[in-house]
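Listing of coords04.txt, compact mmCIF, C-alpha atoms
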```txt
# COMPACT_ATOMS: atom_id res chain seq x y z
CA MET A 1 0.00 0.00 0.00
CA LYS A 2 1.21 3.46 -0.87
CA ALA A 3 0.72 6.33 1.57
CA ARG A 4 -2.15 8.53 0.43
CA MET A 5 -1.21 11.55 2.52
CA ASN A 6 0.66 12.71 5.57
CA TYR A 7 -2.26 13.53 7.86
CA ARG A 8 0.07 15.10 10.43
CA ALA A 9 1.24 17.70 7.91
CA ALA A 10 -2.17 18.10 6.29
CA ASN A 11 -3.91 18.99 9.55
CA PRO A 12 -1.52 19.53 12.49
CA GLU A 13 -4.38 20.64 14.77
CA ALA A 14 -6.18 17.33 14.31
CA TYR A 15 -2.95 15.46 15.00
CA GLN A 16 -2.33 17.49 18.18
CA THR A 17 -5.86 16.75 19.36
CA MET A 18 -5.18 13.03 18.98
CA ARG A 19 -1.87 13.41 20.84
CA GLN A 20 -3.75 15.09 23.71
CA LEU A 21 -6.17 12.17 23.90
CA GLU A 22 -3.21 9.78 23.88
CA LYS A 23 -1.60 11.80 26.68
CA PHE A 24 -4.80 11.66 28.74
CA VAL A 25 -4.92 7.88 28.40
CA GLY A 26 -1.23 7.52 29.22
CA GLU A 27 -1.69 9.56 32.40
CA SER A 28 -4.92 7.80 33.45
CA GLY A 29 -3.22 5.48 35.90
CA LEU A 30 -3.84 2.32 33.89
CA GLU A 31 -0.96 -0.13 33.68
CA PRO A 32 1.21 0.62 30.62
CA LYS A 33 1.23 -3.08 29.65
CA TRP A 34 -2.58 -3.10 29.70
CA LEU A 35 -2.61 -0.13 27.34
CA GLU A 36 -0.32 -1.96 24.92
CA LEU A 37 -2.52 -5.08 25.05
CA ILE A 38 -5.50 -2.87 24.16
CA LYS A 39 -3.58 -1.26 21.31
CA ILE A 40 -2.35 -4.56 19.89
CA ARG A 41 -5.71 -6.36 20.15
CA ALA A 42 -7.72 -3.53 18.59
CA SER A 43 -5.10 -3.18 15.84
CA GLN A 44 -5.32 -6.91 15.14
CA ILE A 45 -9.09 -6.67 14.76
CA ASN A 46 -8.84 -3.58 12.57
CA GLY A 47 -5.95 -4.93 10.48
CA CYS A 48 -3.68 -1.95 11.11
CA ALA A 49 -0.16 -3.09 10.25
CA PHE A 50 1.39 0.27 11.15
CA CYS A 51 -0.04 0.23 14.68
CA LEU A 52 0.66 -3.48 15.18
CA ASP A 53 4.30 -2.92 14.30
CA MET A 54 4.56 0.07 16.65
CA HIS A 55 2.72 -1.38 19.63
CA THR A 56 4.26 -4.84 19.61
CA LYS A 57 7.64 -3.09 19.77
CA ASP A 58 6.40 -0.80 22.55
CA ALA A 59 5.05 -3.79 24.48
CA ARG A 60 8.41 -5.57 24.24
CA LYS A 61 10.14 -2.45 25.59
CA LEU A 62 7.83 -2.66 28.62
CA GLY A 63 8.90 -6.26 29.20
CA GLU A 64 5.96 -7.97 27.53
CA THR A 65 6.84 -11.53 26.49
CA GLU A 66 6.82 -12.83 22.96
CA GLN A 67 4.46 -15.62 24.02
CA ARG A 68 1.82 -13.21 25.31
CA ILE A 69 2.10 -11.06 22.19
CA TYR A 70 1.82 -14.09 19.88
CA LEU A 71 -1.18 -15.51 21.76
CA LEU A 72 -3.10 -12.26 21.99
CA ASN A 73 -5.48 -12.99 19.12
CA ALA A 74 -6.36 -16.29 20.84
CA TRP A 75 -6.44 -14.93 24.39
CA ARG A 76 -9.55 -16.88 25.40
CA GLU A 77 -7.70 -20.17 24.90
CA ALA A 78 -4.41 -19.03 26.47
CA ASP A 79 -3.80 -19.16 30.20
CA VAL A 80 -1.12 -16.46 30.19
CA TYR A 81 -3.47 -13.52 30.87
CA SER A 82 -4.80 -12.42 34.25
CA GLU A 83 -8.51 -12.07 34.97
CA GLU A 84 -8.14 -8.28 34.76
CA GLU A 85 -6.46 -8.59 31.36
CA ARG A 86 -9.19 -10.94 30.15
CA ALA A 87 -11.80 -8.36 31.12
CA ILE A 88 -9.83 -5.65 29.32
CA LEU A 89 -9.49 -7.79 26.19
CA ALA A 90 -13.19 -8.67 26.18
CA LEU A 91 -14.07 -4.99 26.48
CA THR A 92 -11.55 -4.07 23.77
CA GLU A 93 -13.15 -6.52 21.36
CA ALA A 94 -16.69 -5.44 22.23
CA VAL A 95 -15.99 -1.72 21.82
CA THR A 96 -13.93 -2.22 18.66
CA LEU A 97 -16.72 -4.31 17.12
CA ILE A 98 -19.56 -2.34 18.74
CA ALA A 99 -21.65 -2.13 15.56
CA GLU A 100 -21.80 -5.93 15.36
CA ARG A 101 -22.84 -6.88 18.90
CA GLY A 102 -22.72 -3.88 21.18
CA VAL A 103 -21.23 -4.36 24.65
CA SER A 104 -23.00 -7.22 26.39
CA GLU A 105 -24.03 -7.23 30.03
CA ASP A 106 -21.65 -10.16 30.55
CA VAL A 107 -18.66 -8.21 29.27
CA TYR A 108 -19.64 -5.15 31.29
CA ALA A 109 -20.11 -7.24 34.45
CA GLN A 110 -16.70 -8.83 33.94
CA VAL A 111 -15.09 -5.39 33.69
CA ARG A 112 -17.03 -4.10 36.73
CA GLU A 113 -15.73 -7.03 38.75
CA HIS A 114 -12.16 -5.77 38.38
CA PHE A 115 -12.33 -2.02 37.83
CA GLU A 116 -13.92 1.10 39.33
CA GLU A 117 -16.02 3.42 37.18
CA LYS A 118 -13.21 5.95 36.64
CA GLN A 119 -10.92 3.15 35.44
CA ILE A 120 -13.64 1.82 33.14
CA VAL A 121 -14.00 5.22 31.51
CA SER A 122 -10.22 5.33 31.05
CA LEU A 123 -10.28 1.85 29.50
CA ILE A 124 -13.04 2.90 27.11
CA MET A 125 -11.06 6.02 26.20
CA ALA A 126 -7.94 3.92 25.56
CA ILE A 127 -9.90 1.60 23.28
CA ASN A 128 -11.46 4.51 21.42
CA VAL A 129 -8.14 6.29 20.94
CA ILE A 130 -6.42 3.29 19.36
CA ASN A 131 -9.43 2.66 17.15
CA CYS A 132 -9.18 6.26 15.96
CA TRP A 133 -5.42 5.93 15.33
CA ASN A 134 -6.10 2.70 13.40
CA ARG A 135 -8.66 4.43 11.22
CA LEU A 136 -6.35 7.35 10.55
CA ALA A 137 -3.46 5.05 9.63
CA ILE A 138 -5.47 2.71 7.43
CA THR A 139 -7.41 5.44 5.63
CA THR A 140 -4.32 7.53 4.88
CA GLY A 141 -2.26 4.49 3.81
CA MET A 142 0.33 4.32 6.56
CA THR A 143 2.23 1.04 6.46
CA ALA A 144 4.60 -0.78 8.73
CA PRO A 145 8.21 -0.03 7.87
CA ALA A 146 9.95 -2.74 5.88
CA ASN A 147 12.86 -4.30 7.74
CA LEU A 148 14.27 -6.49 5.01
```
Hey, can you dump this file as structure tokens for me?
Amino acid sequence: MKARMNYRAANPEAYQTMRQLEKFVGESGLEPKWLELIKIRASQINGCAFCLDMHTKDARKLGETEQRIYLLNAWREADVYSEEERAILALTEAVTLIAERGVSEDVYAQVREHFEEKQIVSLIMAINVINCWNRLAITTGMTAPANL
């Protein structure tokens, strides 16, 4: 895929707005590894190669294991994720695919079991921000850098 435009240069104000949302999420108090799991899982669902490349690297820098990264798209069958992470991943999938199924009471109850309302809002914001980044990257033709 060829880049269609440089959205950062085309509309710096829009880019800065996204950066502010990213900053809010980063300062929300959520575990940085959880944020990377959200970013990777949503990017897998959305098929965003650029974001997958970036966030798998970022996760590794935080000490995330290769096994957990590789198993992320099959997290329900893998026993390497905590109950909190499973709730986060279920919510990530539900919000990312919201037009298909909405967010079920079961998913919401699972999240409520592990997180307070303020944290839930921060989780939802984190999921929304990566979905927005994915849509920007895919629509404007950003690709993962080739490391041949």
In Å, how far is it from CA of Ser104 (chain A) to CA of Glu77 (chain A)?
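Distance between the two atoms: 20.1 Å.
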In Å, rounded to a single decimal, give me how far CA of Tyr15 (chain A) is from CA of Arg135 (chain A).
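Separation between CA of Arg135 (chain A) and CA of Tyr15 (chain A): 13.0 Å.
With distances taken over all atoms listed in the file, A:Glu84 is the one residue among A:Glu93, A:Glu13, A:Glu27, A:Glu84 lying closest to Gln110 (chain A).
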Tell me which protein, DNA and RNA residues are within 12 Å of Thr17 (chain A), counting all atoms listed in the file, leaving out same-chain ones fewer than 4 positions away, and put them as a VMD selection string.
chain A and resid 8 11 to 13 21 to 24 129 132 to 133
Determine, counting only C-alpha atoms, every residue of protein, DNA or RNA that lies within 12 Å of (-13.2, -15.4, 34.1) in the file coordinates, then give the result as a VMD selection string.
chain A and resid 75 to 77 79 81 to 90 106 to 107 109 to 111 113 to 114
Report the distance between CA of Arg4 (chain A) and CA of Lys57 (chain A) in Å, rounded to one decimal place.
24.6 Å
Got a sec: who's within 12 Å of region 41-47 of chain A, counting all atoms listed in the file, leaving out chain neighbours fewer than 3 positions off, as a PyMOL selection string?
chain A and resi 34-38+50-56+59+68-75+85-86+88-98+124+126-139+142-144
Around all the atoms of region 117-123 of chain A listed in the file, with 8 Å of room on each side, what axis-aligned box do you get, giving centre and edge lengths in Å to one decimal, as AutoDock Vina command-line options?
```
--center_x -13.1 --center_y 3.9 --center_z 33.3 --size_x 21.8 --size_y 20.1 --size_z 23.7
```
